[in-house]
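Asker: Data file structure_13.cif (mmCIF, C-alpha atoms) is appended below.
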data_protein
#
loop_
_atom_site.group_PDB
_atom_site.id
_atom_site.type_symbol
_atom_site.label_atom_id
_atom_site.label_comp_id
_atom_site.auth_asym_id
_atom_site.auth_seq_id
_atom_site.Cartn_x
_atom_site.Cartn_y
_atom_site.Cartn_z
ATOM 1 C CA MET A 1274 74.525 101.346 98.640
ATOM 2 C CA LYS A 1275 77.797 99.725 97.566
ATOM 3 C CA ASP A 1276 80.890 101.879 97.961
ATOM 4 C CA ASP A 1277 81.953 101.574 94.326
ATOM 5 C CA ASN A 1278 78.497 102.593 93.047
ATOM 6 C CA ALA A 1279 78.325 105.525 95.472
ATOM 7 C CA LEU A 1280 81.771 106.746 94.412
ATOM 8 C CA GLU A 1281 80.813 106.644 90.751
ATOM 9 C CA LEU A 1282 77.644 108.657 91.380
ATOM 10 C CA LEU A 1283 79.402 111.160 93.635
ATOM 11 C CA SER A 1284 82.092 111.640 91.004
ATOM 12 C CA GLU A 1285 79.412 112.484 88.426
ATOM 13 C CA ILE A 1286 77.820 114.951 90.849
ATOM 14 C CA ALA A 1287 81.186 116.564 91.612
ATOM 15 C CA ARG A 1288 81.888 117.044 87.895
ATOM 16 C CA PHE A 1289 78.515 118.763 87.507
ATOM 17 C CA GLU A 1290 79.082 121.090 90.482
ATOM 18 C CA GLU A 1291 82.530 122.024 89.139
ATOM 19 C CA SER A 1292 81.021 122.922 85.753
ATOM 20 C CA VAL A 1293 78.541 125.459 87.136
ATOM 21 C CA ASP A 1294 78.471 128.393 89.534
ATOM 22 C CA MET A 1295 76.765 126.854 92.544
ATOM 23 C CA ASP A 1296 76.540 130.133 94.502
ATOM 24 C CA LYS A 1297 74.969 132.011 91.595
ATOM 25 C CA ASP A 1298 72.936 129.534 89.581
ATOM 26 C CA TYR A 1299 72.172 126.818 92.114
ATOM 27 C CA ARG A 1300 71.802 128.592 95.438
ATOM 28 C CA ILE A 1301 68.853 126.333 96.265
ATOM 29 C CA GLY A 1302 70.694 123.269 95.026
ATOM 30 C CA TRP A 1303 70.333 121.141 91.927
ATOM 31 C CA GLY A 1304 67.697 118.533 91.203
ATOM 32 C CA TRP A 1305 67.721 115.074 89.732
ATOM 33 C CA ARG A 1306 67.261 116.326 86.178
ATOM 34 C CA GLN A 1307 70.519 118.330 86.306
ATOM 35 C CA VAL A 1308 72.673 115.365 87.387
ATOM 36 C CA ARG A 1309 70.527 112.711 85.647
ATOM 37 C CA ILE A 1310 70.299 110.523 88.742
ATOM 38 C CA TRP A 1311 66.929 109.168 89.869
ATOM 39 C CA PRO A 1312 65.340 110.839 92.922
ATOM 40 C CA ALA A 1313 65.266 107.566 94.882
ATOM 41 C CA THR A 1314 69.026 107.162 94.380
ATOM 42 C CA LEU A 1315 69.680 110.758 95.463
ATOM 43 C CA SER A 1316 67.555 110.132 98.542
ATOM 44 C CA ARG A 1317 69.754 107.154 99.486
ATOM 45 C CA LEU A 1318 72.911 109.230 99.016
ATOM 46 C CA PHE A 1319 71.370 111.901 101.225
ATOM 47 C CA LYS A 1320 70.519 109.362 103.951
ATOM 48 C CA ASP A 1321 74.089 108.063 103.824
ATOM 49 C CA GLY A 1322 75.336 111.595 104.463
ATOM 50 C CA TYR A 1323 77.008 112.142 101.080
ATOM 51 C CA LEU A 1324 74.559 114.909 100.068
ATOM 52 C CA GLU A 1325 72.969 117.768 101.973
ATOM 53 C CA ASN A 1326 69.466 119.083 101.397
ATOM 54 C CA VAL A 1327 69.659 122.798 100.569
ATOM 55 C CA PHE A 1328 66.003 123.427 99.714
ATOM 56 C CA ARG A 1329 62.773 121.443 99.763
ATOM 57 C CA SER A 1330 59.305 122.287 98.406
ATOM 58 C CA ASN A 1331 56.430 120.432 96.759
ATOM 59 C CA SER A 1332 58.003 120.948 93.334
ATOM 60 C CA HIS A 1333 61.741 120.942 94.020
ATOM 61 C CA THR A 1334 64.277 119.197 96.266
ATOM 62 C CA GLY A 1335 67.663 120.863 96.008
ATOM 63 C CA TYR A 1336 70.904 119.014 96.839
ATOM 64 C CA ARG A 1337 74.608 119.660 96.895
ATOM 65 C CA LEU A 1338 77.597 117.574 97.930
ATOM 66 C CA SER A 1339 78.081 117.425 101.684
ATOM 67 C CA GLU A 1340 81.447 117.647 103.413
ATOM 68 C CA VAL A 1341 81.274 113.891 103.947
ATOM 69 C CA GLY A 1342 80.837 113.319 100.226
ATOM 70 C CA LYS A 1343 83.662 115.701 99.363
ATOM 71 C CA SER A 1344 85.954 114.036 101.887
ATOM 72 C CA LEU A 1345 85.230 110.614 100.425
ATOM 73 C CA LEU A 1346 86.078 111.824 96.932
ATOM 74 C CA SER A 1347 89.229 113.584 98.142
ATOM 75 C CA ALA A 1348 90.481 110.414 99.827
ATOM 76 C CA GLU A 1349 89.718 108.329 96.751
ATOM 77 C CA ASN A 1350 91.439 110.719 94.363
ATOM 78 C CA ALA A 1351 94.447 111.468 96.548
ATOM 79 C CA PRO A 1352 97.784 110.495 94.942
ATOM 80 C CA PRO A 1353 99.222 107.232 96.241
ATOM 81 C CA GLN A 1354 101.398 107.692 99.288
ATOM 82 C CA ALA A 1355 105.009 106.837 98.784
ATOM 83 C CA HIS A 1356 106.157 103.967 100.891
ATOM 84 C CA GLN A 1357 108.983 104.772 103.232
ATOM 85 C CA GLU A 1358 112.201 102.997 102.464
ATOM 86 C CA PRO A 1359 112.702 100.183 104.959
ATOM 87 C CA LYS A 1360 115.199 101.397 107.513
ATOM 88 C CA LEU A 1361 117.674 98.680 108.358
ATOM 89 C CA ALA A 1362 119.056 98.890 111.866
ATOM 90 C CA GLY A 1363 122.811 98.412 111.702
ATOM 91 C CA ALA A 1364 122.939 97.509 108.024
ATOM 92 C CA ASP A 1365 126.737 97.342 108.107
ATOM 93 C CA SER A 1366 126.664 94.678 110.826
ATOM 94 C CA LEU A 1367 123.783 92.737 109.267
ATOM 95 C CA PHE A 1368 124.463 88.964 109.213
ATOM 96 C CA GLY A 1369 127.451 89.431 111.505
ATOM 97 C CA ASP A 1370 126.536 86.284 113.452
ATOM 98 C CA ILE A 1371 126.193 84.121 110.339
ATOM 99 C CA ILE A 1372 129.349 82.234 109.452
ATOM 100 C CA GLY A 1373 130.508 82.078 105.843
ATOM 101 C CA HIS A 1374 128.311 82.754 102.801
ATOM 102 C CA ASP A 1375 130.116 86.056 102.243
ATOM 103 C CA GLY A 1376 128.828 86.450 98.689
ATOM 104 C CA VAL A 1377 125.225 85.950 99.813
ATOM 105 C CA LYS A 1378 125.652 88.510 102.584
ATOM 106 C CA GLU A 1379 127.020 91.080 100.171
ATOM 107 C CA LEU A 1380 124.186 90.456 97.685
ATOM 108 C CA LEU A 1381 121.479 90.764 100.345
ATOM 109 C CA ARG A 1382 122.893 93.966 101.846
ATOM 110 C CA ALA A 1383 123.112 95.554 98.397
ATOM 111 C CA SER A 1384 119.612 94.458 97.368
ATOM 112 C CA LEU A 1385 118.069 95.818 100.572
ATOM 113 C CA LEU A 1386 119.776 99.200 100.178
ATOM 114 C CA ALA A 1387 119.362 99.521 96.389
ATOM 115 C CA GLU A 1388 117.236 102.383 95.075
ATOM 116 C CA LYS A 1389 114.932 99.922 93.294
ATOM 117 C CA PRO A 1390 114.101 96.381 94.444
ATOM 118 C CA VAL A 1391 116.209 93.362 93.635
ATOM 119 C CA HIS A 1392 114.412 90.246 94.864
ATOM 120 C CA VAL A 1393 116.579 87.398 96.180
ATOM 121 C CA LEU A 1394 115.774 83.703 96.592
ATOM 122 C CA LEU A 1395 118.018 81.558 98.795
ATOM 123 C CA THR A 1396 117.882 77.866 97.979
ATOM 124 C CA GLY A 1397 119.617 74.703 99.112
ATOM 125 C CA PRO A 1398 119.132 71.620 101.339
ATOM 126 C CA PRO A 1399 117.563 71.930 104.812
ATOM 127 C CA ALA A 1400 119.674 72.840 107.835
ATOM 128 C CA LEU A 1401 121.619 75.639 106.168
ATOM 129 C CA ALA A 1402 121.519 79.345 107.043
ATOM 130 C CA LYS A 1403 118.578 80.303 104.811
ATOM 131 C CA THR A 1404 116.226 80.951 107.710
ATOM 132 C CA LEU A 1405 118.960 82.706 109.690
ATOM 133 C CA PHE A 1406 119.284 85.282 106.919
ATOM 134 C CA LEU A 1407 115.528 85.940 107.022
ATOM 135 C CA TRP A 1408 115.598 86.258 110.815
ATOM 136 C CA ASP A 1409 118.361 88.857 110.667
ATOM 137 C CA ILE A 1410 116.555 90.900 108.025
ATOM 138 C CA GLU A 1411 113.307 90.769 110.004
ATOM 139 C CA ARG A 1412 115.069 92.065 113.118
ATOM 140 C CA ALA A 1413 116.811 94.845 111.211
ATOM 141 C CA GLY A 1414 113.752 95.845 109.164
ATOM 142 C CA GLY A 1415 111.481 96.316 112.177
ATOM 143 C CA GLU A 1416 107.848 97.087 111.398
ATOM 144 C CA LYS A 1417 108.548 97.374 107.678
ATOM 145 C CA ALA A 1418 109.524 93.699 107.428
ATOM 146 C CA ILE A 1419 106.862 90.968 107.388
ATOM 147 C CA TRP A 1420 107.770 87.306 107.900
ATOM 148 C CA LEU A 1421 105.626 84.664 106.188
ATOM 149 C CA VAL A 1422 105.744 80.903 105.784
ATOM 150 C CA GLY A 1423 104.626 79.834 102.337
ATOM 151 C CA SER A 1424 102.687 76.818 103.587
ATOM 152 C CA ALA A 1425 100.527 79.040 105.835
ATOM 153 C CA THR A 1426 100.648 82.580 104.502
ATOM 154 C CA SER A 1427 97.571 83.867 106.313
ATOM 155 C CA LYS A 1428 93.857 83.234 106.562
ATOM 156 C CA ALA A 1429 93.115 86.484 104.766
ATOM 157 C CA GLY A 1430 95.703 85.878 102.069
ATOM 158 C CA LEU A 1431 98.725 87.770 100.891
ATOM 159 C CA TRP A 1432 96.685 90.440 99.077
ATOM 160 C CA ASP A 1433 94.893 91.697 102.183
ATOM 161 C CA LEU A 1434 97.907 91.273 104.464
ATOM 162 C CA VAL A 1435 100.119 93.508 102.344
ATOM 163 C CA ALA A 1436 97.311 96.026 101.728
ATOM 164 C CA GLU A 1437 96.714 96.399 105.463
ATOM 165 C CA ARG A 1438 100.312 96.509 106.705
ATOM 166 C CA GLU A 1439 102.079 97.996 103.657
ATOM 167 C CA PRO A 1440 105.499 96.466 104.333
ATOM 168 C CA GLY A 1441 108.725 97.469 102.648
ATOM 169 C CA ILE A 1442 110.273 94.007 102.920
ATOM 170 C CA LEU A 1443 108.491 90.692 102.468
ATOM 171 C CA LEU A 1444 110.299 87.660 103.914
ATOM 172 C CA ILE A 1445 108.934 84.314 102.735
ATOM 173 C CA ASP A 1446 110.184 80.978 104.039
ATOM 174 C CA GLU A 1447 109.165 77.806 102.158
ATOM 175 C CA ILE A 1448 108.019 79.876 99.184
ATOM 176 C CA ASP A 1449 107.672 76.689 97.116
ATOM 177 C CA LYS A 1450 104.670 75.744 99.322
ATOM 178 C CA MET A 1451 102.745 78.982 98.722
ATOM 179 C CA ASN A 1452 99.244 78.516 97.315
ATOM 180 C CA ALA A 1453 98.233 79.604 93.815
ATOM 181 C CA ALA A 1454 96.269 82.701 94.873
ATOM 182 C CA ASP A 1455 99.118 84.095 96.972
ATOM 183 C CA THR A 1456 101.641 83.255 94.247
ATOM 184 C CA ALA A 1457 99.576 85.258 91.740
ATOM 185 C CA ALA A 1458 99.491 88.205 94.150
ATOM 186 C CA LEU A 1459 103.235 87.961 94.691
ATOM 187 C CA LEU A 1460 103.955 87.986 90.950
ATOM 188 C CA THR A 1461 102.015 91.223 90.574
ATOM 189 C CA MET A 1462 103.698 92.917 93.534
ATOM 190 C CA MET A 1463 107.193 91.929 92.461
ATOM 191 C CA GLU A 1464 106.732 93.075 88.888
ATOM 192 C CA GLY A 1465 105.679 96.660 89.449
ATOM 193 C CA GLY A 1466 104.510 97.201 93.009
ATOM 194 C CA ARG A 1467 100.877 97.111 91.927
ATOM 195 C CA LEU A 1468 98.381 95.607 94.338
ATOM 196 C CA VAL A 1469 94.722 94.945 93.551
ATOM 197 C CA ARG A 1470 92.387 94.834 96.506
ATOM 198 C CA ALA A 1471 90.023 92.102 95.441
ATOM 199 C CA LYS A 1472 87.426 92.818 98.128
ATOM 200 C CA ARG A 1473 86.766 96.379 97.066
ATOM 201 C CA GLY A 1474 87.786 96.104 93.444
ATOM 202 C CA ARG A 1475 90.255 98.970 93.629
ATOM 203 C CA GLU A 1476 93.926 99.355 93.000
ATOM 204 C CA LEU A 1477 96.556 100.329 95.543
ATOM 205 C CA ASN A 1478 99.568 101.625 93.647
ATOM 206 C CA LEU A 1479 102.753 101.235 95.635
ATOM 207 C CA SER A 1480 105.190 103.926 94.582
ATOM 208 C CA ASN A 1481 108.008 102.094 96.367
ATOM 209 C CA PRO A 1482 107.595 98.426 95.388
ATOM 210 C CA ILE A 1483 108.109 95.690 97.917
ATOM 211 C CA ARG A 1484 111.457 93.908 98.230
ATOM 212 C CA VAL A 1485 111.054 90.159 98.486
ATOM 213 C CA ILE A 1486 113.626 87.920 100.163
ATOM 214 C CA ALA A 1487 112.613 84.268 100.061
ATOM 215 C CA ALA A 1488 113.946 80.828 100.939
ATOM 216 C CA SER A 1489 113.225 77.386 99.589
ATOM 217 C CA ASN A 1490 114.823 73.960 99.859
ATOM 218 C CA ARG A 1491 114.150 73.462 96.164
ATOM 219 C CA CYS A 1492 113.287 76.038 93.524
ATOM 220 C CA GLU A 1493 112.332 73.550 90.784
ATOM 221 C CA LYS A 1494 108.724 73.595 91.991
ATOM 222 C CA LEU A 1495 108.428 77.347 91.441
ATOM 223 C CA SER A 1496 106.896 78.515 88.182
ATOM 224 C CA PRO A 1497 109.284 79.912 85.557
ATOM 225 C CA GLU A 1498 107.548 83.296 85.925
ATOM 226 C CA LEU A 1499 108.260 83.434 89.649
ATOM 227 C CA ARG A 1500 111.846 82.191 89.333
ATOM 228 C CA SER A 1501 112.578 84.833 86.721
ATOM 229 C CA ARG A 1502 111.766 87.593 89.199
ATOM 230 C CA PHE A 1503 114.470 86.462 91.634
ATOM 231 C CA ALA A 1504 118.217 86.559 91.817
ATOM 232 C CA ILE A 1505 118.745 82.937 92.928
ATOM 233 C CA ARG A 1506 121.650 81.971 95.173
ATOM 234 C CA GLN A 1507 122.331 78.427 96.342
ATOM 235 C CA LEU A 1508 123.749 77.817 99.801
ATOM 236 C CA PHE A 1509 126.027 74.878 100.553
ATOM 237 C CA PRO A 1510 126.381 72.847 103.787
ATOM 238 C CA TYR A 1511 128.544 74.085 106.629
ATOM 239 C CA GLY A 1512 131.749 72.421 107.621
ATOM 240 C CA ARG A 1513 132.088 71.051 111.153
ATOM 241 C CA ALA A 1514 133.810 74.103 112.649
ATOM 242 C CA GLU A 1515 131.364 76.485 110.948
ATOM 243 C CA TYR A 1516 128.354 74.543 112.252
ATOM 244 C CA LEU A 1517 129.608 74.710 115.835
ATOM 245 C CA THR A 1518 130.163 78.455 115.588
ATOM 246 C CA VAL A 1519 126.731 79.061 114.058
ATOM 247 C CA VAL A 1520 124.944 77.007 116.724
ATOM 248 C CA LYS A 1521 126.664 78.850 119.548
ATOM 249 C CA GLY A 1522 125.806 82.237 118.018
ATOM 250 C CA VAL A 1523 122.136 81.388 117.404
ATOM 251 C CA LEU A 1524 121.566 79.935 120.870
ATOM 252 C CA VAL A 1525 123.130 82.919 122.614
ATOM 253 C CA ARG A 1526 121.537 85.588 120.429
ATOM 254 C CA CYS A 1527 118.108 84.123 119.696
ATOM 255 C CA GLU A 1528 117.477 81.786 122.643
ATOM 256 C CA GLY A 1529 119.192 83.759 125.403
ATOM 257 C CA LEU A 1530 121.493 80.933 126.522
ATOM 258 C CA SER A 1531 124.780 81.508 128.250
ATOM 259 C CA PRO A 1532 127.864 81.004 126.061
ATOM 260 C CA GLU A 1533 128.801 78.007 128.202
ATOM 261 C CA LEU A 1534 125.480 76.199 127.761
ATOM 262 C CA ALA A 1535 125.351 77.088 124.058
ATOM 263 C CA GLY A 1536 128.841 75.629 123.647
ATOM 264 C CA GLU A 1537 127.849 72.430 125.485
ATOM 265 C CA ILE A 1538 124.820 71.875 123.216
ATOM 266 C CA ALA A 1539 126.879 72.553 120.094
ATOM 267 C CA CYS A 1540 129.588 70.085 121.120
ATOM 268 C CA ARG A 1541 127.098 67.352 122.031
ATOM 269 C CA LEU A 1542 125.326 67.719 118.684
ATOM 270 C CA ASP A 1543 128.619 67.539 116.785
ATOM 271 C CA GLY A 1544 128.455 64.576 114.421
ATOM 272 C CA LEU A 1545 124.740 63.959 115.062
ATOM 273 C CA THR A 1546 123.156 66.685 112.959
ATOM 274 C CA GLN A 1547 123.871 69.794 110.922
ATOM 275 C CA ASN A 1548 120.405 71.218 111.428
ATOM 276 C CA VAL A 1549 120.502 74.431 113.453
ATOM 277 C CA ARG A 1550 116.842 73.895 114.330
ATOM 278 C CA ASP A 1551 117.810 70.727 116.210
ATOM 279 C CA ALA A 1552 120.036 72.842 118.444
ATOM 280 C CA ILE A 1553 117.190 75.287 119.066
ATOM 281 C CA ARG A 1554 114.845 72.438 120.015
ATOM 282 C CA VAL A 1555 117.406 71.004 122.427
ATOM 283 C CA ALA A 1556 117.899 74.419 124.013
ATOM 284 C CA ARG A 1557 114.173 74.825 124.601
ATOM 285 C CA LEU A 1558 113.759 71.352 126.121
ATOM 286 C CA ALA A 1559 116.939 71.409 128.215
ATOM 287 C CA PRO A 1560 115.391 73.215 131.235
ATOM 288 C CA GLN A 1561 112.873 70.350 131.611
ATOM 289 C CA LEU A 1562 114.929 67.372 130.436
ATOM 290 C CA GLY A 1563 118.570 68.331 130.558
ATOM 291 C CA VAL A 1564 120.758 68.578 127.472
ATOM 292 C CA GLU A 1565 121.662 64.880 127.214
ATOM 293 C CA LYS A 1566 118.080 63.604 127.585
ATOM 294 C CA ALA A 1567 116.724 66.231 125.159
ATOM 295 C CA ILE A 1568 119.223 65.138 122.514
ATOM 296 C CA GLU A 1569 118.418 61.460 123.113
ATOM 297 C CA LEU A 1570 114.665 62.002 122.729
ATOM 298 C CA LEU A 1571 114.890 64.370 119.775
ATOM 299 C CA LEU A 1572 117.518 62.535 117.783
ATOM 300 C CA GLU A 1573 116.570 58.971 118.766
ATOM 301 C CA GLY A 1574 119.759 58.259 120.620
ATOM 302 C CA GLY A 1575 121.909 59.896 117.957
ATOM 303 C CA THR A 1576 120.757 57.658 115.105
ATOM 304 C CA LYS A 1577 118.969 60.418 113.179
#
Using C-alpha cells, write down the structure from this file.
Answerer:
Amino acid sequence: MKDDNALELLSEIARFEESVDMDKDYRIGWGWRQVRIWPATLSRLFKDGYLENVFRSNSHTGYRLSEVGKSLLSAENAPPQAHQEPKLAGADSLFGDIIGHDGVKELLRASLLAEKPVHVLLTGPPALAKTLFLWDIERAGGEKAIWLVGSATSKAGLWDLVAEREPGILLIDEIDKMNAADTAALLTMMEGGRLVRAKRGRELNLSNPIRVIAASNRCEKLSPELRSRFAIRQLFPYGRAEYLTVVKGVLVRCEGLSPELAGEIACRLDGLTQNVRDAIRVARLAPQLGVEKAIELLLEGGTK
C-alpha cells in the first residue's frame, strides 16, 4: 500500500477513535462499518502493522490503531523542525586571505549573519575571486554549507539533495549552467524556504530558509525571476600586485605549499595569466614536472 494512501486512511481512523470512547464503547475494537473502510483494505493495514486485532469472531473483527500506526501519524503531523542557523567559524576573519573587494566582503558577512536570508550573486569575468569567496564560506559553514556546481548539480537533483542534507547555506558555482528542474527548485527555496519532495508528494517546510551564495561569469543568461532574488555584485580584475598576493595566499592555505614555493609560482606566472586556477594547476603538477615545465605545458610556453 502506498504511503500517501495509508496515511490518509490512518488519519481517518484516528479521527474516528478520537471521537469515541474506545475503552467504554469499543473495547473489542471497531469494524469496517464504523470507519467506512473496506475489510480487505483494513486487512492490508493490519498486515503492514498499522492496526492491531483486538477481537476476532465469525461475525466481527475488531481493530484499533497500533503503536506503529500512531507513531507514523505523530511523525507526519509533527511541526516542522527549525533549521539551525549556520554557524560560521571565525566570521570576523572570513575572507581574510582574499585581497581587495572590501564591499563584497562586507555584504557577504552581513548577509550570512542576517536574521533573514539575503541571497548574493557574484558575477564577473573568469579568473577573479568569485570561487575563492565560495571556498571560504564553505570552510566556515562546515556541515551546514553545501557546495554545488551548476553544470553538474547532482544525479538526484537539487530537490532531493537539500531535503536529505537540510543545509543552511547553499553555494552554487556556475549557476548560469544549472538545469531547468534545479532552477525551479531553487526559485521555490529562495522565495520562502518551501521545499516540495516530488518523490513522496509531500511538503517540507523550512522554518529557517536557505541562504544562497552563487557565482557566475555572466548573469544575463539567468531568468529575470532568478536574478530578482539576488543582490548582484560584479567583481573586477585584480591588479598585478593583488594577483601575486592572492596566488601566494591560495597556494599556501589551500594547497599546502611553502611560502617560498608559492612565491616562486606566483612570480613565474606574473604576466602570463590572471587566473588563480592556473596557479593551482601548476602547484599540483610541480612535484612531477617542476614549476617551469608545468607552466610551459599548461600555458603553451607562455602564449596563453
Asker: Please list as a list in words every residue within 12 Å of A:Pro1399, counting only C-alpha atoms and excluding residues in the same chain fewer than 6 positions away.
Answerer: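 Selected residues are Leu1405, Asp1446, Glu1447, Ala1488, Ser1489, Asn1490, Arg1491, Gln1507, Leu1508, Phe1509, Pro1510, Tyr1511, Thr1546, Gln1547, Asn1548, Val1549, Arg1550 and Asp1551 of chain A.
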Asker: Which residues, named as in the file, does the PyMOL selection byres ((chain A and resi 1496) around 12) pick out? Answer as an MDAnalysis selection string.
Answerer: chainID A and resid 1448:1453 1456:1457 1460 1491:1495 1497:1503
Asker: Do you have the atom CA of A:Trp1432-atom CA of A:Leu1385 distance handy?
Answerer: 22.1 Å
Asker: Contacts of stretch 1555-1564 of chain A at 8 Å or less, counting only C-alpha atoms, minus same-chain residues fewer than 5 places along, as a PyMOL selection string?
Answerer: chain A and resi 1524+1528+1530+1535+1538+1571
Asker: Apply the PyMOL selection byres ((chain A and resi 1344) around 12) to the displayed file and report the matching residues as a list in words.
Answerer: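 This file, filtered by the PyMOL selection byres ((chain A and resi 1344) around 12), leaves Leu1280, Leu1283, Ser1284, Ala1287, Gly1322, Tyr1323, Leu1324, Leu1338, Ser1339, Glu1340, Val1341, Gly1342, Lys1343, Leu1345, Leu1346, Ser1347, Ala1348, Glu1349, Asn1350 and Ala1351 of chain A.
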Asker: Using the partial input, fill out stretch 1429-1444 of chain A with N, CA, C and O atoms; write the result as a PDB file, in the coordinates of the input.
Answerer:
ATOM      1  N   ALA A1429      93.655  85.468 105.660  1.00  0.00           N
ATOM      2  CA  ALA A1429      93.115  86.484 104.766  1.00  0.00           C
ATOM      3  C   ALA A1429      93.778  86.436 103.397  1.00  0.00           C
ATOM      4  O   ALA A1429      93.204  86.842 102.409  1.00  0.00           O
ATOM      5  N   GLY A1430      94.997  85.913 103.333  1.00  0.00           N
ATOM      6  CA  GLY A1430      95.703  85.878 102.069  1.00  0.00           C
ATOM      7  C   GLY A1430      96.711  87.005 101.962  1.00  0.00           C
ATOM      8  O   GLY A1430      96.643  88.007 102.669  1.00  0.00           O
ATOM      9  N   LEU A1431      97.640  86.815 101.049  1.00  0.00           N
ATOM     10  CA  LEU A1431      98.725  87.770 100.891  1.00  0.00           C
ATOM     11  C   LEU A1431      98.227  89.132 100.446  1.00  0.00           C
ATOM     12  O   LEU A1431      98.745  90.160 100.862  1.00  0.00           O
ATOM     13  N   TRP A1432      97.202  89.166  99.580  1.00  0.00           N
ATOM     14  CA  TRP A1432      96.685  90.440  99.077  1.00  0.00           C
ATOM     15  C   TRP A1432      96.295  91.370 100.225  1.00  0.00           C
ATOM     16  O   TRP A1432      96.743  92.511 100.312  1.00  0.00           O
ATOM     17  N   ASP A1433      95.407  90.858 101.099  1.00  0.00           N
ATOM     18  CA  ASP A1433      94.893  91.697 102.183  1.00  0.00           C
ATOM     19  C   ASP A1433      95.972  92.013 103.208  1.00  0.00           C
ATOM     20  O   ASP A1433      96.010  93.114 103.760  1.00  0.00           O
ATOM     21  N   LEU A1434      96.854  91.057 103.472  1.00  0.00           N
ATOM     22  CA  LEU A1434      97.907  91.273 104.464  1.00  0.00           C
ATOM     23  C   LEU A1434      98.812  92.428 104.068  1.00  0.00           C
ATOM     24  O   LEU A1434      99.120  93.317 104.869  1.00  0.00           O
ATOM     25  N   VAL A1435      99.231  92.443 102.814  1.00  0.00           N
ATOM     26  CA  VAL A1435     100.119  93.508 102.344  1.00  0.00           C
ATOM     27  C   VAL A1435      99.370  94.833 102.251  1.00  0.00           C
ATOM     28  O   VAL A1435      99.908  95.893 102.566  1.00  0.00           O
ATOM     29  N   ALA A1436      98.096  94.795 101.818  1.00  0.00           N
ATOM     30  CA  ALA A1436      97.311  96.026 101.728  1.00  0.00           C
ATOM     31  C   ALA A1436      97.136  96.674 103.091  1.00  0.00           C
ATOM     32  O   ALA A1436      97.169  97.894 103.225  1.00  0.00           O
ATOM     33  N   GLU A1437      96.955  95.864 104.126  1.00  0.00           N
ATOM     34  CA  GLU A1437      96.714  96.399 105.463  1.00  0.00           C
ATOM     35  C   GLU A1437      97.991  96.899 106.126  1.00  0.00           C
ATOM     36  O   GLU A1437      98.001  97.942 106.771  1.00  0.00           O
ATOM     37  N   ARG A1438      99.095  96.165 105.965  1.00  0.00           N
ATOM     38  CA  ARG A1438     100.312  96.509 106.705  1.00  0.00           C
ATOM     39  C   ARG A1438     101.332  97.283 105.881  1.00  0.00           C
ATOM     40  O   ARG A1438     102.236  97.903 106.439  1.00  0.00           O
ATOM     41  N   GLU A1439     101.206  97.241 104.553  1.00  0.00           N
ATOM     42  CA  GLU A1439     102.079  97.996 103.657  1.00  0.00           C
ATOM     43  C   GLU A1439     103.558  97.863 104.026  1.00  0.00           C
ATOM     44  O   GLU A1439     104.222  98.846 104.364  1.00  0.00           O
ATOM     45  N   PRO A1440     104.092  96.659 103.966  1.00  0.00           N
ATOM     46  CA  PRO A1440     105.499  96.466 104.333  1.00  0.00           C
ATOM     47  C   PRO A1440     106.441  96.966 103.254  1.00  0.00           C
ATOM     48  O   PRO A1440     106.053  97.176 102.103  1.00  0.00           O
ATOM     49  N   GLY A1441     107.698  97.149 103.630  1.00  0.00           N
ATOM     50  CA  GLY A1441     108.725  97.469 102.648  1.00  0.00           C
ATOM     51  C   GLY A1441     109.503  96.239 102.253  1.00  0.00           C
ATOM     52  O   GLY A1441     110.068  96.169 101.161  1.00  0.00           O
ATOM     53  N   ILE A1442     109.537  95.244 103.165  1.00  0.00           N
ATOM     54  CA  ILE A1442     110.273  94.007 102.920  1.00  0.00           C
ATOM     55  C   ILE A1442     109.355  92.834 103.226  1.00  0.00           C
ATOM     56  O   ILE A1442     108.733  92.772 104.278  1.00  0.00           O
ATOM     57  N   LEU A1443     109.279  91.894 102.294  1.00  0.00           N
ATOM     58  CA  LEU A1443     108.491  90.692 102.468  1.00  0.00           C
ATOM     59  C   LEU A1443     109.441  89.506 102.552  1.00  0.00           C
ATOM     60  O   LEU A1443     110.209  89.255 101.618  1.00  0.00           O
ATOM     61  N   LEU A1444     109.420  88.809 103.685  1.00  0.00           N
ATOM     62  CA  LEU A1444     110.299  87.660 103.914  1.00  0.00           C
ATOM     63  C   LEU A1444     109.447  86.393 103.859  1.00  0.00           C
ATOM     64  O   LEU A1444     108.501  86.247 104.635  1.00  0.00           O
TER      65      LEU A1444
END
